[in-house]
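So this block is model_35.tsv, TSV, C-alpha atoms:
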```tsv
chain	number	residue	atom	x	y	z
A	1	MET	CA	114.70	74.05	113.18
A	2	GLU	CA	117.92	74.37	111.18
A	3	THR	CA	120.98	75.92	112.80
A	4	LEU	CA	122.80	78.38	110.56
A	5	LEU	CA	126.43	79.45	110.89
A	6	ILE	CA	127.77	82.39	108.90
A	7	LYS	CA	131.57	82.28	108.80
A	8	ASN	CA	134.24	84.90	108.13
A	9	GLY	CA	131.94	87.79	107.21
A	10	THR	CA	132.62	91.49	107.66
A	11	VAL	CA	129.90	92.43	110.12
A	12	HIS	CA	128.10	95.78	110.17
A	13	ASP	CA	125.98	95.36	113.29
A	14	ALA	CA	124.30	98.84	113.28
A	15	VAL	CA	125.55	99.33	116.86
A	16	ARG	CA	129.27	100.02	116.36
A	17	PRO	CA	130.34	102.42	113.62
A	18	GLN	CA	133.26	100.21	112.60
A	19	ALA	CA	132.76	96.92	110.81
A	20	TYR	CA	134.60	93.83	112.10
A	21	ARG	CA	135.32	90.25	111.10
A	22	ALA	CA	133.15	87.70	112.93
A	23	ASP	CA	131.12	84.50	112.73
A	24	ILE	CA	127.40	84.48	113.55
A	25	LEU	CA	125.48	81.46	114.83
A	26	ILE	CA	121.68	81.36	114.58
A	27	ALA	CA	119.62	78.69	116.33
A	28	ASP	CA	115.88	78.48	117.01
A	29	LYS	CA	115.38	81.65	114.94
A	30	LYS	CA	117.65	83.73	117.19
A	31	ILE	CA	121.22	84.99	117.07
A	32	VAL	CA	122.98	82.98	119.78
A	33	LYS	CA	126.68	83.75	119.18
A	34	VAL	CA	128.73	86.48	117.50
A	35	GLY	CA	132.49	86.05	117.64
A	36	ASP	CA	135.66	84.45	116.30
A	37	ARG	CA	136.07	80.84	115.19
A	38	ILE	CA	132.58	79.63	116.15
A	39	THR	CA	132.03	75.94	115.38
A	40	ASP	CA	128.88	73.85	115.25
A	41	THR	CA	129.02	70.49	113.52
A	42	GLN	CA	125.23	70.38	113.09
A	43	ALA	CA	124.89	73.81	111.49
A	44	ARG	CA	124.46	74.69	107.86
A	45	VAL	CA	127.44	76.89	107.00
A	46	ILE	CA	127.59	79.95	104.75
A	47	ASP	CA	131.12	81.07	104.00
A	48	ALA	CA	130.92	84.87	103.95
A	49	GLN	CA	134.61	85.43	103.32
A	50	GLY	CA	134.95	88.73	101.49
A	51	ARG	CA	131.23	89.46	102.00
A	52	GLN	CA	129.47	92.17	103.99
A	53	VAL	CA	126.93	91.10	106.62
A	54	TYR	CA	124.18	93.47	107.79
A	55	PRO	CA	121.05	93.30	109.94
A	56	GLY	CA	117.93	92.74	107.89
A	57	PHE	CA	116.66	96.10	106.69
A	58	VAL	CA	113.62	97.53	108.46
A	59	GLU	CA	111.00	99.87	106.97
A	60	ALA	CA	109.24	102.15	109.47
A	61	HIS	CA	106.37	103.19	107.19
A	62	CYS	CA	104.92	101.56	104.08
A	63	HIS	CA	101.82	99.91	102.66
A	64	LEU	CA	103.38	96.54	101.84
A	65	GLY	CA	100.75	93.95	100.98
A	66	VAL	CA	97.96	96.49	101.50
A	67	SER	CA	98.32	98.38	98.22
A	68	GLY	CA	98.36	95.62	95.63
A	69	TYR	CA	101.05	95.20	92.98
A	70	GLY	CA	99.93	95.43	89.35
A	71	ILE	CA	96.20	95.22	90.05
A	72	GLY	CA	95.11	98.85	90.00
A	73	PHE	CA	92.52	100.55	92.15
A	74	GLU	CA	90.39	97.42	92.47
A	75	GLY	CA	93.13	95.74	94.49
A	76	ASP	CA	94.08	98.73	96.62
A	77	ASP	CA	92.97	98.33	100.22
A	78	CYS	CA	95.02	101.23	101.52
A	79	ASN	CA	92.26	103.70	102.38
A	80	GLU	CA	88.66	103.36	103.53
A	81	VAL	CA	87.48	106.57	101.89
A	82	THR	CA	83.88	106.29	103.06
A	83	GLU	CA	84.51	107.79	106.49
A	84	ILE	CA	87.05	110.37	107.66
A	85	LEU	CA	87.47	108.79	111.12
A	86	SER	CA	88.14	105.04	110.91
A	87	PRO	CA	90.49	104.12	113.81
A	88	GLU	CA	88.84	100.71	114.16
A	89	LEU	CA	90.38	99.46	110.90
A	90	GLN	CA	93.29	97.01	111.16
A	91	ALA	CA	96.04	96.57	108.59
A	92	LEU	CA	96.18	92.87	109.38
A	93	ASP	CA	92.79	92.43	107.72
A	94	ALA	CA	94.14	93.74	104.39
A	95	ILE	CA	97.66	92.31	104.18
A	96	ASN	CA	98.06	89.85	101.30
A	97	PRO	CA	101.26	87.78	101.74
A	98	GLN	CA	100.80	86.34	98.25
A	99	ASP	CA	101.33	89.77	96.69
A	100	PRO	CA	104.56	89.81	94.60
A	101	VAL	CA	105.83	92.82	96.57
A	102	PHE	CA	106.89	90.53	99.41
A	103	ALA	CA	109.30	88.54	97.25
A	104	LEU	CA	110.73	91.78	95.86
A	105	ALA	CA	111.19	93.18	99.37
A	106	VAL	CA	113.09	90.06	100.45
A	107	GLN	CA	115.32	90.26	97.37
A	108	GLY	CA	116.15	93.82	98.41
A	109	GLY	CA	117.12	92.75	101.93
A	110	VAL	CA	114.03	94.16	103.65
A	111	THR	CA	113.12	91.64	106.35
A	112	CYS	CA	110.64	93.57	108.48
A	113	ALA	CA	108.23	96.42	107.81
A	114	ALA	CA	105.49	98.46	109.45
A	115	THR	CA	102.59	98.44	107.04
A	116	GLY	CA	99.12	99.87	107.23
A	117	PRO	CA	96.47	102.25	105.99
A	118	GLY	CA	97.18	105.36	103.95
A	119	SER	CA	96.63	109.02	104.68
A	120	ALA	CA	93.21	109.76	103.17
A	121	ASN	CA	91.54	109.86	106.60
A	122	VAL	CA	92.19	111.92	109.70
A	123	LEU	CA	92.28	108.59	111.53
A	124	GLY	CA	92.97	105.64	109.26
A	125	GLY	CA	93.44	102.61	111.51
A	126	THR	CA	96.27	100.59	112.97
A	127	PHE	CA	99.61	99.57	111.47
A	128	ALA	CA	101.18	96.13	111.91
A	129	ALA	CA	104.89	95.33	112.05
A	130	ILE	CA	105.48	92.14	110.09
A	131	LYS	CA	108.22	89.99	108.65
A	132	THR	CA	108.33	90.08	104.86
A	133	TYR	CA	108.19	86.31	104.33
A	134	GLY	CA	105.25	84.02	105.00
A	135	THR	CA	102.00	82.62	103.68
A	136	ARG	CA	99.67	83.84	106.43
A	137	ALA	CA	99.72	87.37	107.84
A	138	ASP	CA	98.96	86.19	111.39
A	139	ASP	CA	102.21	84.20	111.42
A	140	MET	CA	104.29	87.12	110.10
A	141	VAL	CA	103.41	89.53	112.91
A	142	VAL	CA	106.14	91.04	115.06
A	143	ARG	CA	103.90	93.63	116.70
A	144	CYS	CA	100.20	94.31	116.11
A	145	PRO	CA	98.93	96.89	116.59
A	146	ALA	CA	102.12	98.89	116.22
A	147	ALA	CA	100.68	102.38	115.75
A	148	MET	CA	97.51	104.35	115.02
A	149	LYS	CA	97.65	106.19	111.70
A	150	CYS	CA	96.52	109.80	111.59
A	151	ALA	CA	96.98	112.35	108.83
A	152	PHE	CA	97.33	116.08	108.42
A	153	GLY	CA	97.68	118.34	105.41
A	154	GLU	CA	96.53	117.95	101.84
A	155	ASN	CA	95.41	114.32	101.78
A	156	PRO	CA	92.48	114.44	104.25
A	157	LYS	CA	91.61	117.91	102.94
A	158	ASN	CA	91.44	116.80	99.32
A	159	ASN	CA	89.62	113.54	100.01
A	160	TYR	CA	86.86	115.14	102.06
A	161	LYS	CA	86.70	118.76	100.87
A	162	GLU	CA	83.30	118.15	99.27
A	163	LYS	CA	82.02	116.43	102.41
A	164	ASN	CA	83.13	117.66	105.82
A	165	ASN	CA	86.80	118.69	105.91
A	166	TYR	CA	87.94	121.70	103.93
A	167	SER	CA	90.79	123.13	106.04
A	168	ARG	CA	93.72	122.21	108.25
A	169	MET	CA	91.72	123.57	111.18
A	170	GLY	CA	89.00	121.08	110.37
A	171	THR	CA	91.45	118.18	110.33
A	172	ALA	CA	92.93	119.12	113.71
A	173	SER	CA	89.53	119.64	115.28
A	174	LYS	CA	88.30	116.22	114.17
A	175	LEU	CA	91.32	114.51	115.69
A	176	ARG	CA	90.86	116.41	118.95
A	177	VAL	CA	87.17	115.51	119.14
A	178	ALA	CA	87.95	111.83	118.55
A	179	LEU	CA	90.64	111.75	121.24
A	180	ARG	CA	88.50	113.63	123.75
A	181	SER	CA	85.57	111.30	123.08
A	182	ALA	CA	87.88	108.35	123.68
A	183	GLN	CA	89.02	109.91	126.96
A	184	GLU	CA	85.43	110.25	128.15
A	185	TYR	CA	84.66	106.70	127.02
A	186	LYS	CA	87.67	105.46	128.99
A	187	GLU	CA	86.56	107.39	132.08
A	188	ARG	CA	83.06	105.90	131.89
A	189	LEU	CA	84.47	102.40	131.52
A	190	GLU	CA	86.69	102.87	134.55
A	191	ALA	CA	83.88	104.35	136.62
A	192	ALA	CA	81.41	101.55	135.82
A	193	LYS	CA	80.79	99.23	138.76
A	194	SER	CA	78.69	96.74	136.82
A	195	VAL	CA	78.07	95.61	133.27
A	196	SER	CA	74.86	97.61	133.16
A	197	GLU	CA	76.78	100.81	133.93
A	198	ARG	CA	79.30	100.33	131.15
A	199	PRO	CA	78.92	102.60	128.10
A	200	GLN	CA	77.66	100.99	124.91
A	201	TYR	CA	80.49	99.40	122.96
A	202	ASP	CA	82.03	101.79	120.43
A	203	ALA	CA	84.58	100.24	118.06
A	204	LYS	CA	86.11	103.59	117.11
A	205	LEU	CA	86.67	104.68	120.70
A	206	GLU	CA	87.87	101.23	121.78
A	207	ALA	CA	90.53	101.39	119.06
A	208	LEU	CA	91.86	104.64	120.52
A	209	LEU	CA	92.27	103.30	124.07
A	210	PRO	CA	95.79	101.89	123.41
A	211	VAL	CA	96.77	105.36	122.15
A	212	LEU	CA	95.55	107.02	125.34
A	213	ALA	CA	97.30	104.35	127.41
A	214	ARG	CA	100.55	105.16	125.53
A	215	GLU	CA	100.79	101.53	124.39
A	216	ILE	CA	101.01	102.62	120.74
A	217	PRO	CA	101.80	106.01	119.21
A	218	LEU	CA	99.88	108.19	116.85
A	219	LYS	CA	101.66	107.72	113.54
A	220	ALA	CA	101.24	111.17	112.02
A	221	HIS	CA	101.38	111.76	108.27
A	222	VAL	CA	102.96	115.24	108.14
A	223	HIS	CA	104.87	116.98	105.35
A	224	GLN	CA	104.69	120.73	106.01
A	225	ALA	CA	106.26	122.37	109.04
A	226	ASN	CA	102.92	123.73	110.28
A	227	ASP	CA	101.38	120.24	110.15
A	228	ILE	CA	104.35	118.80	112.01
A	229	PHE	CA	103.89	121.31	114.81
A	230	THR	CA	100.12	120.74	114.92
A	231	ALA	CA	100.70	117.01	115.37
A	232	ILE	CA	103.12	117.74	118.23
A	233	ARG	CA	100.68	120.22	119.79
A	234	ILE	CA	97.86	117.67	119.84
A	235	ALA	CA	100.11	114.87	121.14
A	236	LYS	CA	101.09	117.09	124.05
A	237	GLU	CA	97.49	118.11	124.74
A	238	PHE	CA	96.45	114.48	125.13
A	239	HIS	CA	99.75	113.14	126.55
A	240	VAL	CA	100.06	110.47	123.88
A	241	LYS	CA	103.05	109.03	122.05
A	242	LEU	CA	103.80	110.31	118.57
A	243	THR	CA	105.95	109.48	115.58
A	244	LEU	CA	106.39	111.90	112.70
A	245	GLU	CA	106.05	110.39	109.24
A	246	HIS	CA	107.52	111.90	106.03
A	247	CYS	CA	108.76	115.22	107.52
A	248	THR	CA	109.39	116.77	104.12
A	249	ASP	CA	110.00	120.20	105.68
A	250	GLY	CA	112.32	118.66	108.29
A	251	SER	CA	115.39	120.60	107.21
A	252	LEU	CA	113.57	123.88	107.83
A	253	ILE	CA	112.87	123.03	111.47
A	254	ALA	CA	115.59	120.49	112.31
A	255	ASP	CA	116.68	122.16	115.54
A	256	GLU	CA	113.10	122.39	116.79
A	257	LEU	CA	112.47	118.74	116.02
A	258	ALA	CA	115.67	117.75	117.80
A	259	LYS	CA	114.48	119.63	120.92
A	260	GLU	CA	111.12	117.87	120.81
A	261	GLY	CA	112.71	114.42	120.54
A	262	TYR	CA	109.99	112.61	118.60
A	263	PRO	CA	111.09	109.83	116.21
A	264	VAL	CA	111.05	111.00	112.59
A	265	CYS	CA	111.02	109.14	109.31
A	266	VAL	CA	111.79	110.75	105.97
A	267	GLY	CA	110.54	109.84	102.51
A	268	PRO	CA	109.52	108.90	99.93
A	269	THR	CA	112.10	111.12	98.27
A	270	PHE	CA	112.44	109.80	94.72
A	271	GLY	CA	110.08	111.44	92.27
A	272	HIS	CA	108.47	114.72	91.33
A	273	ALA	CA	106.86	117.04	93.88
A	274	THR	CA	103.28	116.31	92.89
A	275	LYS	CA	101.67	118.65	95.42
A	276	VAL	CA	102.42	121.86	97.31
A	277	GLU	CA	103.50	120.22	100.55
A	278	LEU	CA	106.22	118.22	98.76
A	279	LYS	CA	108.05	121.22	97.31
A	280	ASN	CA	110.95	120.89	99.79
A	281	THR	CA	111.53	117.19	99.09
A	282	SER	CA	115.26	116.47	99.25
A	283	PHE	CA	117.65	113.64	100.03
A	284	ARG	CA	119.50	116.18	102.20
A	285	THR	CA	116.70	116.09	104.78
A	286	PRO	CA	117.66	112.82	106.58
A	287	GLY	CA	121.23	114.04	107.04
A	288	ASP	CA	120.14	117.49	108.22
A	289	LEU	CA	117.84	115.96	110.83
A	290	ALA	CA	120.44	113.42	111.99
A	291	ARG	CA	123.10	116.10	112.40
A	292	ALA	CA	120.66	118.17	114.46
A	293	GLY	CA	120.24	115.23	116.84
A	294	CYS	CA	117.02	113.58	115.63
A	295	ARG	CA	116.59	109.83	115.46
A	296	VAL	CA	115.93	109.37	111.76
A	297	SER	CA	114.48	106.54	109.71
A	298	ILE	CA	114.47	106.51	105.92
A	299	ILE	CA	111.38	105.11	104.21
A	300	THR	CA	110.14	104.13	100.76
A	301	ASP	CA	106.45	104.53	101.64
A	302	SER	CA	106.01	101.65	99.19
A	303	PRO	CA	104.38	101.42	96.75
A	304	ILE	CA	105.46	105.06	96.16
A	305	ILE	CA	109.03	103.73	95.91
A	306	GLN	CA	109.39	99.98	95.48
A	307	GLN	CA	110.23	98.29	98.77
A	308	GLN	CA	113.40	96.62	97.49
A	309	TYR	CA	115.05	100.02	96.98
A	310	LEU	CA	115.08	100.99	100.66
A	311	ALA	CA	118.87	100.64	100.91
A	312	LEU	CA	119.34	102.71	97.74
A	313	CYS	CA	117.28	105.51	99.30
A	314	ALA	CA	119.73	105.47	102.20
A	315	GLY	CA	122.55	105.60	99.66
A	316	MET	CA	121.05	108.69	98.05
A	317	ALA	CA	120.96	110.34	101.48
A	318	VAL	CA	124.67	109.55	101.89
A	319	LYS	CA	125.34	111.03	98.46
A	320	SER	CA	123.56	114.17	99.69
A	321	GLY	CA	125.71	114.48	102.80
A	322	MET	CA	124.40	112.04	105.40
A	323	ASP	CA	126.95	110.11	107.43
A	324	ALA	CA	127.13	106.53	106.12
A	325	PHE	CA	126.73	104.91	109.53
A	326	ALA	CA	123.77	107.16	110.34
A	327	ALA	CA	122.22	106.12	107.03
A	328	LEU	CA	122.70	102.44	107.88
A	329	GLN	CA	121.03	102.99	111.24
A	330	ALA	CA	118.20	104.79	109.42
A	331	ILE	CA	117.22	101.52	107.71
A	332	THR	CA	117.97	99.15	110.60
A	333	ILE	CA	117.92	100.01	114.31
A	334	ASN	CA	116.23	103.42	114.05
A	335	PRO	CA	113.10	102.13	112.29
A	336	ALA	CA	113.02	99.22	114.74
A	337	LEU	CA	112.94	101.77	117.57
A	338	HIS	CA	110.42	103.87	115.64
A	339	ILE	CA	107.90	101.03	115.58
A	340	GLY	CA	108.75	99.55	118.98
A	341	ILE	CA	110.36	96.27	117.93
A	342	GLU	CA	114.01	97.02	118.71
A	343	ASP	CA	114.13	94.02	121.07
A	344	ARG	CA	113.61	91.76	118.05
A	345	VAL	CA	115.21	93.33	114.97
A	346	GLY	CA	117.38	96.16	113.69
A	347	SER	CA	120.87	95.12	114.77
A	348	ILE	CA	123.14	92.09	114.96
A	349	GLU	CA	123.13	91.25	118.66
A	350	ILE	CA	122.75	88.08	120.70
A	351	GLY	CA	119.10	87.35	121.45
A	352	LYS	CA	117.68	89.16	118.45
A	353	ASP	CA	115.90	87.51	115.54
A	354	GLY	CA	118.12	85.85	112.96
A	355	ASP	CA	117.39	88.41	110.25
A	356	LEU	CA	120.50	89.12	108.16
A	357	VAL	CA	121.59	90.36	104.76
A	358	ILE	CA	124.79	89.18	103.08
A	359	ALA	CA	126.02	91.31	100.17
A	360	ASP	CA	129.06	91.55	97.94
A	361	GLY	CA	129.56	95.20	98.86
A	362	ASP	CA	127.76	98.19	100.33
A	363	PRO	CA	124.02	97.69	99.66
A	364	MET	CA	123.52	101.45	99.59
A	365	ILE	CA	125.39	101.43	96.26
A	366	SER	CA	123.38	100.35	93.22
A	367	SER	CA	126.06	98.02	91.81
A	368	THR	CA	126.07	95.86	94.96
A	369	ARG	CA	124.37	92.47	94.82
A	370	ILE	CA	122.47	91.05	97.75
A	371	LEU	CA	123.52	87.42	97.90
A	372	TYR	CA	121.42	86.13	100.80
A	373	THR	CA	118.44	87.38	102.78
A	374	ILE	CA	117.91	85.43	105.98
A	375	ILE	CA	114.72	85.74	108.05
A	376	ASP	CA	114.32	83.98	111.40
A	377	GLY	CA	117.43	81.96	110.64
A	378	GLN	CA	116.10	80.65	107.33
A	379	ILE	CA	117.51	81.52	103.91
A	380	ARG	CA	114.59	83.19	102.14
A	381	TYR	CA	116.51	84.56	99.18
A	382	LYS	CA	119.72	83.43	97.49
A	383	ALA	CA	121.15	85.05	94.38
A	384	GLU	CA	120.79	82.68	91.42
A	385	LYS	CA	124.38	83.00	90.21
A	386	MET	CA	126.76	83.31	93.09
A	387	PRO	CA	130.06	84.97	92.15
```
Just give me the structure of the file as structure tokens.
Amino acid sequence: METLLIKNGTVHDAVRPQAYRADILIADKKIVKVGDRITDTQARVIDAQGRQVYPGFVEAHCHLGVSGYGIGFEGDDCNEVTEILSPELQALDAINPQDPVFALAVQGGVTCAATGPGSANVLGGTFAAIKTYGTRADDMVVRCPAAMKCAFGENPKNNYKEKNNYSRMGTASKLRVALRSAQEYKERLEAAKSVSERPQYDAKLEALLPVLAREIPLKAHVHQANDIFTAIRIAKEFHVKLTLEHCTDGSLIADELAKEGYPVCVGPTFGHATKVELKNTSFRTPGDLARAGCRVSIITDSPIIQQQYLALCAGMAVKSGMDAFAALQAITINPALHIGIEDRVGSIEIGKDGDLVIADGDPMISSTRILYTIIDGQIRYKAEKMP
């Protein structure tokens, strides 16, 4: 495995607000040294003099490699719209590393992403946290499963209004019934003293056991304030972990969300409000939530916004009043924490994966060029014409 030494860069480590000049040594896929005047005669050297060095960008919520690029509905594996409760589905079974979106993500400096099913179903299946470079999904995994997708609001209502789910009350009740059934299933499994006493295998209930054990969170698609509070109410009822996805009405209830302390991610924010629950969409929301004390991630929800524009979404939040360092954390360490992989990615620290971005300026500004994207210590993108 090649050793890589990045010399003389201005380092933005996503831990300290102030950037600093340092060298970074990566060996065996990991960051092994950060400091002054590092030498290694066996290493491949990148001279980053005058360049800005960042952690690889992390996306907390998207559908990378699940919703196909340029192939229409036939190639979209994002939602299993035949059944409103489908927790047994796994994103890993849909991810297509050969999809062009992966190369675009790498060019945009996105090195890791949580990807999975969409929001058509009340329970949609599990997300996987993966690196954005590879030929086989199994080898790209950082954490799988990473979360269990659930959804509130207009999407499950609209997808099933002619079948069995017409109201928000119906959505909430279905999630409660599924979780309670999983609790009873778990209790019967634990009480069984022999194989013959075990309940019949149920794939849906088995898939919810890691949620009940607090090994993975419910990843709740919520836009409106009332849906956000319903998700919190149910998480408390069942004592499960929860992350809040989208949070379009976040500015309206920022202080309440700060008191609750659940991780929040905001986006996608580019584009027209195409439905009622998006009417408060604003790039001010991430900054409002961060100032209130929430731990905020910014997302593209790709393919809604193309994955490579994650840093530009953070830049738009800065333009709308968000602190620049908070915005950097919102696309690095905060999403890593959001999806439970902060021990691997999200900041430039010794022992973490060698995932780095080298740019000729601030990547949250559209004129900046990303010069290198490094994943696991390997150069996976290099600008064709280096200045």
Exercise for the section: Kindly extract all protein, DNA and RNA residues lying within 7 Å of the coordinates (124.5, 105.0, 113.1) given in the file, considering all atoms listed in the file, and supply them as number ranges by chain. Expected result: A: 14-15, 17, 325-329
Exercise for the section: Please tell me which residues are no farther than 8 Å from (110.9, 111.7, 108.2) in the file, counting all atoms listed in the file, and write them as a ChimeraX atom specification. Expected result: /A:244-248,250,264-267,286,296-299
Practice task
Using all atoms listed in the file, find the one residue out of A:Leu337, A:Ile365, A:Ile46, A:Leu4 that sits nearest to A:Lys30.
Solution key: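 The shortest atom-to-atom distance to A:Lys30 comes from A:Leu4.
Shortest separation to A:Ile348 among A:Asp23, A:Glu88, A:Glu206, A:Glu2 occurs at residue A:Asp23, atoms counted being all atoms listed in the file.
Candidate residues A:Phe152, A:Tyr160, A:Phe283, A:Tyr309 were compared for distance to A:Met322, and the nearest is A:Phe283, using only C-alpha atoms.
The closest residue to A:Ala235, picked from A:Val53, A:Ile24, A:Cys150, A:Ala254 and counting only C-alpha atoms, is A:Cys150.
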Give me, as a Markdown table, each residue of stretch 257-340 of chain A that comes within 9 Å of stretch 213-229 of chain A, together with its shortest interatomic pair and the distance in Å at one decimal, counting only C-alpha atoms, with rows ordered by chain and rising residue number.
```
| residue | atom | partner | partner_atom | distance |
| --- | --- | --- | --- | --- |
| A:Glu277 | CA | A:Gln224 | CA | 5.6 |
| A:Leu278 | CA | A:His223 | CA | 6.8 |
| A:Asn280 | CA | A:Gln224 | CA | 8.8 |
| A:Ile339 | CA | A:Pro217 | CA | 8.7 |
| A:Gly340 | CA | A:Ile216 | CA | 8.5 |
```
Exercise for the section: Just give me the gap between atom CA of A:Gln200 and atom CA of A:Phe238 in Å, one decimal is fine. Expected result: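 Those two atoms sit 23.1 Å apart.
For the pair atom CA of A:Lys385 and atom CA of A:Arg369, the separation is 10.5 Å.
In terms of minimum interatomic distance to A:Leu356, A:Gln52 ranks closest within A:Asn334, A:Gln52, A:Gln306, A:Gln42, counting all atoms listed in the file.
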Practice task
In Å, rounded to a single decimal, give me how far atom CA of A:Arg233 is from atom CA of A:Pro156.
Solution key: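 Pair atom CA of A:Pro156 / atom CA of A:Arg233 returns 18.5 Å.
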Handout entry: Selection near stretch 115-124 of chain A, 6 Å with all atoms listed in the file, sequence-local residues under 6 positions removed, as an NGL selection string
Key = :A and (62-64 or 78-79 or 84-87 or 91 or 149-151 or 155-156)
Write a file of the just-selected residues containing C-alpha atoms, as a compact mmCIF listing (two decimals), keeping the file's coordinate frame.
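Saved to again.txt:
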```txt
# COMPACT_ATOMS: atom_id res chain seq x y z
CA CYS A 62 104.92 101.56 104.08
CA HIS A 63 101.82 99.91 102.66
CA LEU A 64 103.38 96.54 101.84
CA CYS A 78 95.02 101.23 101.52
CA ASN A 79 92.26 103.70 102.38
CA ILE A 84 87.05 110.37 107.66
CA LEU A 85 87.47 108.79 111.12
CA SER A 86 88.14 105.04 110.91
CA PRO A 87 90.49 104.12 113.81
CA ALA A 91 96.04 96.57 108.59
CA LYS A 149 97.65 106.19 111.70
CA CYS A 150 96.52 109.80 111.59
CA ALA A 151 96.98 112.35 108.83
CA ASN A 155 95.41 114.32 101.78
CA PRO A 156 92.48 114.44 104.25
```
Exercise for the section: Using all atoms listed in the file, determine which residues lie at most 12 Å from A:Met1, disregarding the query and same-chain residues fewer than 4 positions distant; provide the list as a list in words. Expected result: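 Everything that qualifies: Ile26, Ala27, Asp28, Lys29, Lys30, Gln42, Ala43, Arg44, Asp376, Gly377 and Gln378 of chain A.
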Can you write just those residues out, C-alpha atoms, as a JSON list (two decimals), in the frame of the given file?
```json
[["chain", "number", "residue", "atom", "x", "y", "z"],
["A", 26, "ILE", "CA", 121.68, 81.36, 114.58],
["A", 27, "ALA", "CA", 119.62, 78.69, 116.33],
["A", 28, "ASP", "CA", 115.88, 78.48, 117.01],
["A", 29, "LYS", "CA", 115.38, 81.65, 114.94],
["A", 30, "LYS", "CA", 117.65, 83.73, 117.19],
["A", 42, "GLN", "CA", 125.23, 70.38, 113.09],
["A", 43, "ALA", "CA", 124.89, 73.81, 111.49],
["A", 44, "ARG", "CA", 124.46, 74.69, 107.86],
["A", 376, "ASP", "CA", 114.32, 83.98, 111.40],
["A", 377, "GLY", "CA", 117.43, 81.96, 110.64],
["A", 378, "GLN", "CA", 116.10, 80.65, 107.33]]
```
Exercise for the section: Extract, using all atoms listed in the file, all DNA, RNA and protein residues at most 10 Å from A:Ser347, discarding same-chain residues fewer than 6 positions from it, and format them as number ranges by chain. Expected result: A: 12-16, 54-58, 329, 332-334, 336, 353-356
Could those selected residues go to a file with C-alpha atoms, as an mmCIF file, in the coordinates of the input?
```
data_model
loop_
_atom_site.group_PDB
_atom_site.id
_atom_site.type_symbol
_atom_site.label_atom_id
_atom_site.label_comp_id
_atom_site.auth_asym_id
_atom_site.auth_seq_id
_atom_site.Cartn_x
_atom_site.Cartn_y
_atom_site.Cartn_z
ATOM 1 C CA HIS A 12 128.100 95.780 110.170
ATOM 2 C CA ASP A 13 125.980 95.360 113.290
ATOM 3 C CA ALA A 14 124.300 98.840 113.280
ATOM 4 C CA VAL A 15 125.550 99.330 116.860
ATOM 5 C CA ARG A 16 129.270 100.020 116.360
ATOM 6 C CA TYR A 54 124.180 93.470 107.790
ATOM 7 C CA PRO A 55 121.050 93.300 109.940
ATOM 8 C CA GLY A 56 117.930 92.740 107.890
ATOM 9 C CA PHE A 57 116.660 96.100 106.690
ATOM 10 C CA VAL A 58 113.620 97.530 108.460
ATOM 11 C CA GLN A 329 121.030 102.990 111.240
ATOM 12 C CA THR A 332 117.970 99.150 110.600
ATOM 13 C CA ILE A 333 117.920 100.010 114.310
ATOM 14 C CA ASN A 334 116.230 103.420 114.050
ATOM 15 C CA ALA A 336 113.020 99.220 114.740
ATOM 16 C CA ASP A 353 115.900 87.510 115.540
ATOM 17 C CA GLY A 354 118.120 85.850 112.960
ATOM 18 C CA ASP A 355 117.390 88.410 110.250
ATOM 19 C CA LEU A 356 120.500 89.120 108.160
#
```
With all atoms of stretch 188-197 of chain A from the file as input, state the centre and edge lengths in Å to one decimal of the axis-aligned box that has 4 Å extra on each side, as AutoDock Vina command-line options.
```
--center_x 80.8 --center_y 100.8 --center_z 135.1 --size_x 19.8 --size_y 18.3 --size_z 15.2
```
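Minimum atom-to-atom distances from A:Asp323, A:Pro303, A:Cys144, A:Ser196 to A:Pro210 were compared using all atoms listed in the file, and the lowest value belongs to A:Cys144.
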Practice task
Please provide the set of residues having any atom within 12 Å of A:Glu187, restricted to all atoms listed in the file, with same-chain residues fewer than 4 positions apart removed, written as JSON, numbers by chain.
Solution key: {"A": [180, 181, 182, 183, 191, 192, 197, 198, 199, 205, 209, 212]}
Exercise for the section: Do a neighbour search on A:Ala137 at 12 Å with all atoms listed in the file, toss out local chain neighbours closer than 5 positions, and write the hits as a PyMOL selection string. Expected result: chain A and resi 64-66+91-99+102+115+128-132+142-144
